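Structure below is entry.txt: compact mmCIF, C-alpha atoms.
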```txt
# COMPACT_ATOMS: atom_id res chain seq x y z
CA MET A 1 0.00 0.00 0.00
CA LEU A 2 1.28 3.47 -0.83
CA ALA A 3 2.48 5.73 1.94
CA PHE A 4 1.50 9.34 1.31
CA VAL A 5 3.33 12.41 2.57
CA ALA A 6 1.65 15.80 2.24
CA VAL A 7 4.21 18.60 2.38
CA ILE A 8 2.79 22.01 3.20
CA ALA A 9 5.03 24.87 2.08
CA LEU A 10 4.32 28.48 2.96
CA ALA A 11 6.02 30.82 0.52
CA ALA A 12 6.02 34.60 0.75
CA THR A 13 5.49 36.61 -2.41
CA SER A 14 5.42 40.37 -2.79
CA ALA A 15 4.30 42.92 -5.32
CA ALA A 16 5.18 46.56 -5.81
CA ARG A 17 3.51 48.81 -3.26
CA ALA A 18 1.92 45.83 -1.52
CA THR A 19 2.61 43.97 1.69
CA ALA A 20 3.87 40.39 1.57
CA VAL A 21 1.21 37.81 0.77
CA HIS A 22 1.66 34.28 2.06
CA SER A 23 0.47 31.39 -0.07
CA LEU A 24 -0.09 27.76 0.81
CA ARG A 25 1.15 25.02 -1.48
CA MET A 26 0.56 21.31 -0.93
CA GLU A 27 2.92 18.92 -2.66
CA PRO A 28 2.03 15.22 -2.25
CA ALA A 29 5.01 12.89 -2.47
CA ARG A 30 4.34 9.22 -3.19
CA PHE A 31 6.54 6.26 -2.40
CA GLY A 32 6.28 2.66 -3.52
CA ASN A 33 5.89 1.47 0.07
CA ALA A 34 6.22 2.60 3.66
CA HIS A 35 9.84 1.35 3.86
CA GLU A 36 10.90 3.69 1.04
CA ALA A 37 9.26 6.65 2.77
CA ARG A 38 10.81 5.75 6.15
CA ALA A 39 14.23 5.58 4.53
CA PHE A 40 13.67 8.98 2.92
CA PHE A 41 12.49 10.81 6.04
CA GLY A 42 14.01 8.60 8.75
CA LEU A 43 10.73 8.66 10.68
CA LYS A 44 8.40 6.36 12.51
CA TRP A 45 4.75 6.74 11.55
CA PRO A 46 2.58 8.70 11.83
CA ARG A 47 4.49 11.93 12.50
CA VAL A 48 4.43 15.69 12.03
CA HIS A 49 7.86 16.71 10.78
CA PRO A 50 8.94 20.39 10.85
CA PHE A 51 11.89 20.72 8.48
CA GLY A 52 14.88 22.85 9.41
CA GLY A 53 18.01 23.25 11.48
CA LYS A 54 16.81 20.64 13.96
CA ASN A 55 15.65 17.34 12.50
CA VAL A 56 12.60 16.85 14.71
CA SER A 57 9.66 14.51 14.26
CA VAL A 58 6.66 14.81 16.56
CA PRO A 59 4.34 11.84 17.28
CA LEU A 60 0.93 12.33 15.70
CA ALA A 61 -2.24 10.78 17.14
CA GLY A 62 -5.87 10.75 16.02
CA SER A 63 -7.89 9.38 13.13
CA ILE A 64 -10.02 10.38 10.17
CA TYR A 65 -13.00 8.59 11.72
CA PRO A 66 -14.57 8.91 14.24
CA LEU A 67 -12.46 11.77 15.68
CA GLY A 68 -11.92 13.62 12.41
CA ILE A 69 -8.60 15.22 13.45
CA TYR A 70 -4.94 14.53 14.13
CA TYR A 71 -3.17 16.06 17.11
CA VAL A 72 0.22 16.56 18.77
CA SER A 73 1.39 17.41 22.30
CA ILE A 74 2.84 20.83 23.11
CA GLY A 75 4.03 22.52 26.29
CA ILE A 76 3.28 26.13 27.25
CA GLY A 77 4.96 28.42 29.76
CA SER A 78 7.84 28.15 32.19
CA SER A 79 6.18 25.16 33.87
CA ASN A 80 5.71 23.42 30.49
CA GLN A 81 1.96 22.85 30.91
CA GLN A 82 1.01 20.04 28.52
CA PHE A 83 -1.80 20.08 25.95
CA LYS A 84 -3.06 17.87 23.13
CA VAL A 85 -3.75 20.18 20.18
CA ALA A 86 -5.22 19.54 16.74
CA VAL A 87 -2.83 20.31 13.88
CA ASP A 88 -5.07 22.69 11.93
CA THR A 89 -4.15 23.67 8.37
CA GLY A 90 -7.10 26.08 8.21
CA SER A 91 -6.10 28.59 10.91
CA GLY A 92 -3.05 30.29 12.37
CA THR A 93 -3.68 30.57 16.10
CA LEU A 94 -2.72 28.44 19.08
CA ILE A 95 -5.69 27.98 21.42
CA VAL A 96 -5.95 25.97 24.65
CA PRO A 97 -8.59 25.70 27.41
CA GLY A 98 -8.22 27.84 30.52
CA LYS A 99 -8.50 26.95 34.18
CA GLN A 100 -11.86 28.74 34.55
CA CYS A 101 -13.35 27.60 31.23
CA ASP A 102 -17.13 27.40 31.03
CA GLY A 103 -18.15 24.56 28.70
CA CYS A 104 -14.76 22.87 28.36
CA SER A 105 -14.39 19.15 28.99
CA GLU A 106 -13.83 18.25 32.63
CA THR A 107 -10.95 15.99 31.58
CA ALA A 108 -9.18 18.61 29.44
CA ASN A 109 -5.78 19.94 30.46
CA LYS A 110 -6.30 23.61 31.35
CA PHE A 111 -3.87 26.52 31.21
CA ASP A 112 -3.20 28.35 34.48
CA PRO A 113 -1.37 31.68 33.99
CA ALA A 114 -0.36 31.65 37.66
CA LEU A 115 1.87 28.62 36.98
CA SER A 116 4.03 30.39 34.39
CA THR A 117 6.57 33.05 35.32
CA SER A 118 7.09 33.95 31.66
CA VAL A 119 3.48 34.60 30.63
CA GLN A 120 2.46 38.09 29.50
CA LYS A 121 -0.94 39.63 28.78
CA LEU A 122 -1.35 40.82 25.22
CA SER A 123 -2.52 44.37 25.86
CA CYS A 124 -5.02 46.36 23.83
CA SER A 125 -2.50 48.75 22.31
CA SER A 126 -1.89 50.05 18.82
CA SER A 127 1.28 47.96 18.59
CA ASN A 128 -0.55 44.70 17.99
CA GLU A 129 -3.66 43.35 16.31
CA CYS A 130 -6.50 42.57 18.68
CA TYR A 131 -9.04 42.53 15.86
CA ASN A 132 -10.87 45.22 17.89
CA ARG A 133 -11.66 42.64 20.56
CA CYS A 134 -11.16 44.21 23.98
CA PHE A 135 -14.79 44.10 25.00
CA PHE A 136 -14.59 42.70 28.52
CA SER A 137 -11.34 43.70 30.22
CA HIS A 138 -10.63 46.74 28.02
CA THR A 139 -6.93 46.10 28.67
CA GLN A 140 -6.21 42.56 27.41
CA CYS A 141 -6.77 41.28 23.89
CA GLU A 142 -9.52 38.73 23.45
CA PHE A 143 -10.54 36.33 20.70
CA GLN A 144 -13.70 34.64 19.48
CA ASN A 145 -13.59 31.82 16.90
CA THR A 146 -16.45 29.86 15.36
CA TYR A 147 -16.00 26.45 13.71
CA GLN A 148 -18.08 23.97 11.75
CA THR A 149 -17.74 20.16 11.67
CA CYS A 150 -17.41 20.33 15.44
CA VAL A 151 -20.55 18.20 15.86
CA LEU A 152 -19.84 15.31 13.54
CA ASN A 153 -23.42 14.16 12.96
CA HIS A 154 -24.42 17.80 12.22
CA PRO A 155 -21.40 19.08 10.25
CA THR A 156 -22.82 22.55 9.53
CA GLU A 157 -23.69 23.28 13.15
CA PRO A 158 -21.34 26.00 14.52
CA CYS A 159 -19.36 25.89 17.76
CA THR A 160 -17.75 28.94 19.35
CA ILE A 161 -14.79 29.44 21.67
CA SER A 162 -13.59 32.71 23.22
CA GLY A 163 -11.30 34.15 25.86
CA PRO A 164 -8.20 36.30 26.57
CA VAL A 165 -4.92 36.32 24.63
CA TRP A 166 -1.48 35.74 26.17
CA ARG A 167 2.15 35.59 25.04
CA ASP A 168 4.43 32.84 26.38
CA THR A 169 6.98 30.22 25.39
CA PHE A 170 5.88 26.96 23.83
CA THR A 171 7.64 23.70 23.02
CA LEU A 172 6.92 21.30 20.16
CA GLY A 173 9.10 18.23 20.24
CA GLY A 174 12.60 19.57 20.82
CA LEU A 175 11.73 23.01 19.39
CA ARG A 176 11.10 26.12 21.49
CA ALA A 177 9.87 29.64 20.71
CA THR A 178 7.56 32.41 21.95
CA SER A 179 4.13 33.07 20.50
CA THR A 180 0.71 34.46 21.32
CA PHE A 181 -2.13 32.08 22.13
CA GLY A 182 -5.76 32.19 23.15
CA GLU A 183 -7.05 30.85 26.47
CA ILE A 184 -10.56 29.40 26.13
CA THR A 185 -12.79 30.69 28.93
CA GLU A 186 -16.12 30.03 27.15
CA GLN A 187 -16.84 27.11 24.82
CA THR A 188 -19.89 25.59 23.16
CA LYS A 189 -20.61 22.52 25.27
CA ASP A 190 -21.13 20.10 22.37
CA PHE A 191 -17.75 20.74 20.68
CA GLN A 192 -17.03 17.04 20.15
CA GLN A 193 -13.35 17.15 19.16
CA LEU A 194 -12.51 19.32 22.17
CA ALA A 195 -14.06 16.66 24.39
CA VAL A 196 -11.22 14.36 23.31
CA ILE A 197 -8.31 16.77 22.87
CA ASP A 198 -7.53 20.09 24.53
CA GLY A 199 -7.00 22.75 21.89
CA ILE A 200 -5.94 23.80 18.39
CA LEU A 201 -2.54 24.55 16.82
CA GLY A 202 -3.02 26.66 13.69
CA MET A 203 -0.30 26.12 11.07
CA THR A 204 -1.27 28.52 8.24
CA GLY A 205 -1.44 32.24 7.65
CA SER A 206 1.19 34.74 8.72
CA THR A 207 0.22 36.39 12.00
CA SER A 208 -1.66 35.47 15.13
CA PHE A 209 -2.89 38.45 17.18
CA GLY A 210 -0.11 40.55 15.64
CA ASP A 211 2.68 38.03 16.33
CA PRO A 212 4.05 35.37 13.96
CA ILE A 213 2.03 32.15 14.03
CA PRO A 214 3.77 29.35 16.01
CA LEU A 215 5.36 27.88 12.85
CA PHE A 216 6.82 31.27 11.87
CA ALA A 217 7.83 31.89 15.50
CA LEU A 218 9.95 28.74 15.38
CA GLN A 219 11.70 30.07 12.28
CA LYS A 220 12.21 33.51 13.84
CA ALA A 221 13.78 31.85 16.90
CA GLY A 222 16.20 29.95 14.66
CA GLN A 223 14.66 26.59 15.52
CA ILE A 224 13.84 25.76 11.89
CA ASP A 225 15.27 27.13 8.64
CA GLU A 226 11.98 27.46 6.78
CA PRO A 227 8.30 27.53 7.89
CA VAL A 228 7.62 24.15 6.30
CA PHE A 229 6.19 20.98 7.83
CA ALA A 230 4.91 17.61 6.66
CA PHE A 231 2.30 15.10 7.77
CA CYS A 232 3.77 11.61 7.44
CA PHE A 233 1.34 8.67 7.47
CA ASN A 234 1.66 4.95 7.08
CA GLY A 235 -1.06 4.26 4.51
CA ASP A 236 -2.22 0.98 6.04
CA ARG A 237 -2.94 2.74 9.35
CA LEU A 238 -5.35 5.31 7.97
CA ARG A 239 -8.90 4.76 9.06
```
For this file, produce the structure as structure tokens.
Amino acid sequence: MLAFVAVIALAATSAARATAVHSLRMEPARFGNAHEARAFFGLKWPRVHPFGGKNVSVPLAGSIYPLGIYYVSIGIGSSNQQFKVAVDTGSGTLIVPGKQCDGCSETANKFDPALSTSVQKLSCSSSNECYNRCFFSHTQCEFQNTYQTCVLNHPTEPCTISGPVWRDTFTLGGLRATSTFGEITEQTKDFQQLAVIDGILGMTGSTSFGDPIPLFALQKAGQIDEPVFAFCFNGDRLR
């Protein structure tokens, strides 16, 4: 059975008198069998593999059905609080549940700002992009995201998450950088995927609340050479 590797490359292009525009290109690479692909990438399967100065592969869990997502483990803050986050190629923000979340799963790992000495509030200033969301505290940026396919038997039904925005260190495999992220304090109760995992790791776009998205933050920190990653699957394990 063929093993498929989808390589997602984010390339910046520019035009005269215009800001840089980031494009997403998917390049599927096919191998005759899983052994050929393992030899090429030197990986066990399945994995998320950020390419760059450090040759790091990150274990990937999940399934196409019934969960509908694949996820990795990351750590946030000086105390390295652990979270299972969906690898999302349709967004650019890192989002995890908060300690006081209303609607989050009781079993979810929850971020506690008091446990990190390096955490910073993202303030509502002109120096960053809050998307005009400073409705509640008037001092700290906030977010509100709505998703579909969150209730699998009703794929068009929307689910919403919202909360404050922070800046802190994060770790992914052996890689480390600083990025902004959202803390979920309110969540639609029937968000099925977030009953199994904790949060979402957005891998596309250019900025997240005015900062580089986590993938670009890793490049900026010198952890990877290019903002490129790959999903590596063993074809006979896809379900």
Which of these, A:Leu152, A:Val87, A:Cys232, A:Ile69, has the shortest distance to Asp190 (chain A) once you count only C-alpha atoms?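 Ranking A:Leu152, A:Val87, A:Cys232, A:Ile69 by distance to Asp190 (chain A), first place goes to A:Leu152.
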Counting only C-alpha atoms, which residues of region 170-209 of chain A fall within 7 Å of region 105-115 of chain A, and what is the closest atom pair for each with its distance in Å at one decimal, ordered by chain and rising number, as JSON lines?
```
{"residue": "A:Ala195", "atom": "CA", "partner": "A:Ser105", "partner_atom": "CA", "distance": 5.2}
{"residue": "A:Ile197", "atom": "CA", "partner": "A:Ala108", "partner_atom": "CA", "distance": 6.9}
{"residue": "A:Asp198", "atom": "CA", "partner": "A:Ala108", "partner_atom": "CA", "distance": 5.4}
```
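Shortest atom-to-atom contact with Thr169 (chain A) among A:Val58, A:Cys141, A:Cys134, A:Val119: A:Val119, counting all atoms listed in the file.
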Pick from A:Ser179, A:Gln140, A:Thr146, A:Ser206 nearest to Gly77 (chain A), counting only C-alpha atoms: A:Ser179
Selection as a PyMOL selection string: residues within 9 Å of (-20.1, 17.3, 20.5), counting only C-alpha atoms: chain A and resi 150-153+188-195
Env of Gly163 (chain A): 7 Å cut, atoms = only C-alpha atoms, seq-sep filter 5 positions within chain, self excluded. Answer as a compact mmCIF listing (two decimals) with C-alpha atoms, keeping the file's coordinate frame.
```
# COMPACT_ATOMS: atom_id res chain seq x y z
CA GLU A 142 -9.52 38.73 23.45
CA PHE A 143 -10.54 36.33 20.70
CA GLN A 144 -13.70 34.64 19.48
CA GLY A 182 -5.76 32.19 23.15
CA GLU A 183 -7.05 30.85 26.47
CA ILE A 184 -10.56 29.40 26.13
CA THR A 185 -12.79 30.69 28.93
CA GLU A 186 -16.12 30.03 27.15
```
Interatomic distance (Å, one decimal) between CA of Val72 (chain A) and CA of Arg176 (chain A):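 About the pair CA of Val72 (chain A) and CA of Arg176 (chain A): they are 14.7 Å apart.
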Please report the interatomic distance between CA of Pro59 (chain A) and CA of Val165 (chain A) in Å with one decimal. 27.2 Å
Figure out the distance between CA of Leu122 (chain A) and CA of Asp168 (chain A), please, to one decimal in Å. 9.9 Å
Need to verify the contact set: Ala221 (chain A), 9 Å, all atoms listed in the file, exclusion of same-chain residues closer than 5 positions in sequence. Can you return it as a ChimeraX atom specification? /A:176-178,216
Thr207 (chain A) surroundings by only C-alpha atoms, 10 Å radius, close-in-sequence under 6 positions cut, as a compact mmCIF listing (two decimals) with C-alpha atoms, keeping the file's coordinate frame:
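Just written: around-v8.txt:
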```txt
# COMPACT_ATOMS: atom_id res chain seq x y z
CA GLY A 92 -3.05 30.29 12.37
CA THR A 93 -3.68 30.57 16.10
CA GLU A 129 -3.66 43.35 16.31
CA SER A 179 4.13 33.07 20.50
CA THR A 180 0.71 34.46 21.32
CA ILE A 213 2.03 32.15 14.03
CA PRO A 214 3.77 29.35 16.01
CA LEU A 215 5.36 27.88 12.85
CA PHE A 216 6.82 31.27 11.87
CA ALA A 217 7.83 31.89 15.50
```
Hey, what's within 12 Å of Met203 (chain A) if we count all atoms listed in the file and toss same-chain stuff fewer than 5 positions away? As an NGL selection string, please? :A and (8-10 or 24 or 48 or 50 or 85-95 or 208 or 212-218 or 227-231)
With all atoms listed in the file as the atoms that count, which of A:Cys159, A:Ile200, A:Leu67, A:Leu172 lies nearest to Asn80 (chain A)?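 Ranked by minimum distance to Asn80 (chain A), first place goes to A:Leu172.
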For region 57-83 of chain A, supply N, CA, C and O atoms and format the output as a CSV table (one decimal), keeping the file's coordinate frame.
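part.csv was written with the following content:
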```
chain,number,residue,atom,x,y,z
A,57,SER,N,11.0,15.1,14.6
A,57,SER,CA,9.7,14.5,14.3
A,57,SER,C,8.8,14.4,15.5
A,57,SER,O,9.3,14.1,16.6
A,58,VAL,N,7.6,14.7,15.4
A,58,VAL,CA,6.7,14.8,16.6
A,58,VAL,C,5.6,13.7,16.4
A,58,VAL,O,4.9,13.7,15.4
A,59,PRO,N,5.4,12.9,17.4
A,59,PRO,CA,4.3,11.8,17.3
A,59,PRO,C,3.0,12.5,17.0
A,59,PRO,O,2.6,13.5,17.6
A,60,LEU,N,2.2,11.8,16.1
A,60,LEU,CA,0.9,12.3,15.7
A,60,LEU,C,-0.1,11.3,16.1
A,60,LEU,O,0.0,10.1,15.7
A,61,ALA,N,-1.2,11.7,16.8
A,61,ALA,CA,-2.2,10.8,17.1
A,61,ALA,C,-3.5,11.3,16.5
A,61,ALA,O,-3.6,12.4,16.0
A,62,GLY,N,-4.6,10.4,16.6
A,62,GLY,CA,-5.9,10.8,16.0
A,62,GLY,C,-6.3,9.8,14.9
A,62,GLY,O,-5.7,8.8,14.7
A,63,SER,N,-7.3,10.2,14.2
A,63,SER,CA,-7.9,9.4,13.1
A,63,SER,C,-8.8,10.2,12.3
A,63,SER,O,-9.3,11.3,12.7
A,64,ILE,N,-9.0,9.7,11.0
A,64,ILE,CA,-10.0,10.4,10.2
A,64,ILE,C,-11.4,10.1,10.7
A,64,ILE,O,-12.3,11.1,10.7
A,65,TYR,N,-11.7,8.9,11.2
A,65,TYR,CA,-13.0,8.6,11.7
A,65,TYR,C,-12.8,7.7,12.9
A,65,TYR,O,-11.9,6.8,12.9
A,66,PRO,N,-13.5,8.0,14.1
A,66,PRO,CA,-14.6,8.9,14.2
A,66,PRO,C,-14.1,10.3,14.7
A,66,PRO,O,-14.9,11.2,14.7
A,67,LEU,N,-12.9,10.5,15.1
A,67,LEU,CA,-12.5,11.8,15.7
A,67,LEU,C,-12.4,12.9,14.7
A,67,LEU,O,-12.9,14.0,14.9
A,68,GLY,N,-11.9,12.6,13.5
A,68,GLY,CA,-11.9,13.6,12.4
A,68,GLY,C,-10.8,14.6,12.5
A,68,GLY,O,-10.7,15.6,11.8
A,69,ILE,N,-9.8,14.3,13.3
A,69,ILE,CA,-8.6,15.2,13.4
A,69,ILE,C,-7.4,14.4,13.8
A,69,ILE,O,-7.5,13.3,14.3
A,70,TYR,N,-6.2,15.1,13.6
A,70,TYR,CA,-4.9,14.5,14.1
A,70,TYR,C,-4.3,15.6,15.1
A,70,TYR,O,-4.5,16.8,14.8
A,71,TYR,N,-3.6,15.1,16.1
A,71,TYR,CA,-3.2,16.1,17.1
A,71,TYR,C,-1.8,15.7,17.6
A,71,TYR,O,-1.3,14.6,17.5
A,72,VAL,N,-1.1,16.7,18.2
A,72,VAL,CA,0.2,16.6,18.8
A,72,VAL,C,0.2,17.1,20.2
A,72,VAL,O,-0.8,17.8,20.6
A,73,SER,N,1.3,16.9,20.9
A,73,SER,CA,1.4,17.4,22.3
A,73,SER,C,2.3,18.6,22.3
A,73,SER,O,3.4,18.5,21.6
A,74,ILE,N,2.0,19.7,23.0
A,74,ILE,CA,2.8,20.8,23.1
A,74,ILE,C,2.9,21.2,24.6
A,74,ILE,O,2.0,20.8,25.4
A,75,GLY,N,3.9,22.0,24.9
A,75,GLY,CA,4.0,22.5,26.3
A,75,GLY,C,4.0,24.0,26.2
A,75,GLY,O,4.5,24.6,25.3
A,76,ILE,N,3.4,24.7,27.2
A,76,ILE,CA,3.3,26.1,27.2
A,76,ILE,C,3.8,26.6,28.6
A,76,ILE,O,3.4,26.1,29.6
A,77,GLY,N,4.6,27.7,28.6
A,77,GLY,CA,5.0,28.4,29.8
A,77,GLY,C,6.2,27.9,30.4
A,77,GLY,O,6.7,26.8,30.0
A,78,SER,N,6.6,28.5,31.5
A,78,SER,CA,7.8,28.2,32.2
A,78,SER,C,7.7,26.8,32.9
A,78,SER,O,8.7,26.1,33.1
A,79,SER,N,6.4,26.4,33.2
A,79,SER,CA,6.2,25.2,33.9
A,79,SER,C,5.9,24.1,32.9
A,79,SER,O,5.5,22.9,33.3
A,80,ASN,N,5.9,24.4,31.6
A,80,ASN,CA,5.7,23.4,30.5
A,80,ASN,C,4.4,22.7,30.6
A,80,ASN,O,4.3,21.4,30.6
A,81,GLN,N,3.3,23.4,30.8
A,81,GLN,CA,2.0,22.8,30.9
A,81,GLN,C,1.6,22.1,29.6
A,81,GLN,O,1.8,22.7,28.5
A,82,GLN,N,1.2,20.9,29.7
A,82,GLN,CA,1.0,20.0,28.5
A,82,GLN,C,-0.4,20.1,28.0
A,82,GLN,O,-1.4,20.0,28.7
A,83,PHE,N,-0.5,20.1,26.6
A,83,PHE,CA,-1.8,20.1,26.0
A,83,PHE,C,-1.7,19.2,24.7
A,83,PHE,O,-0.7,19.2,24.0
```
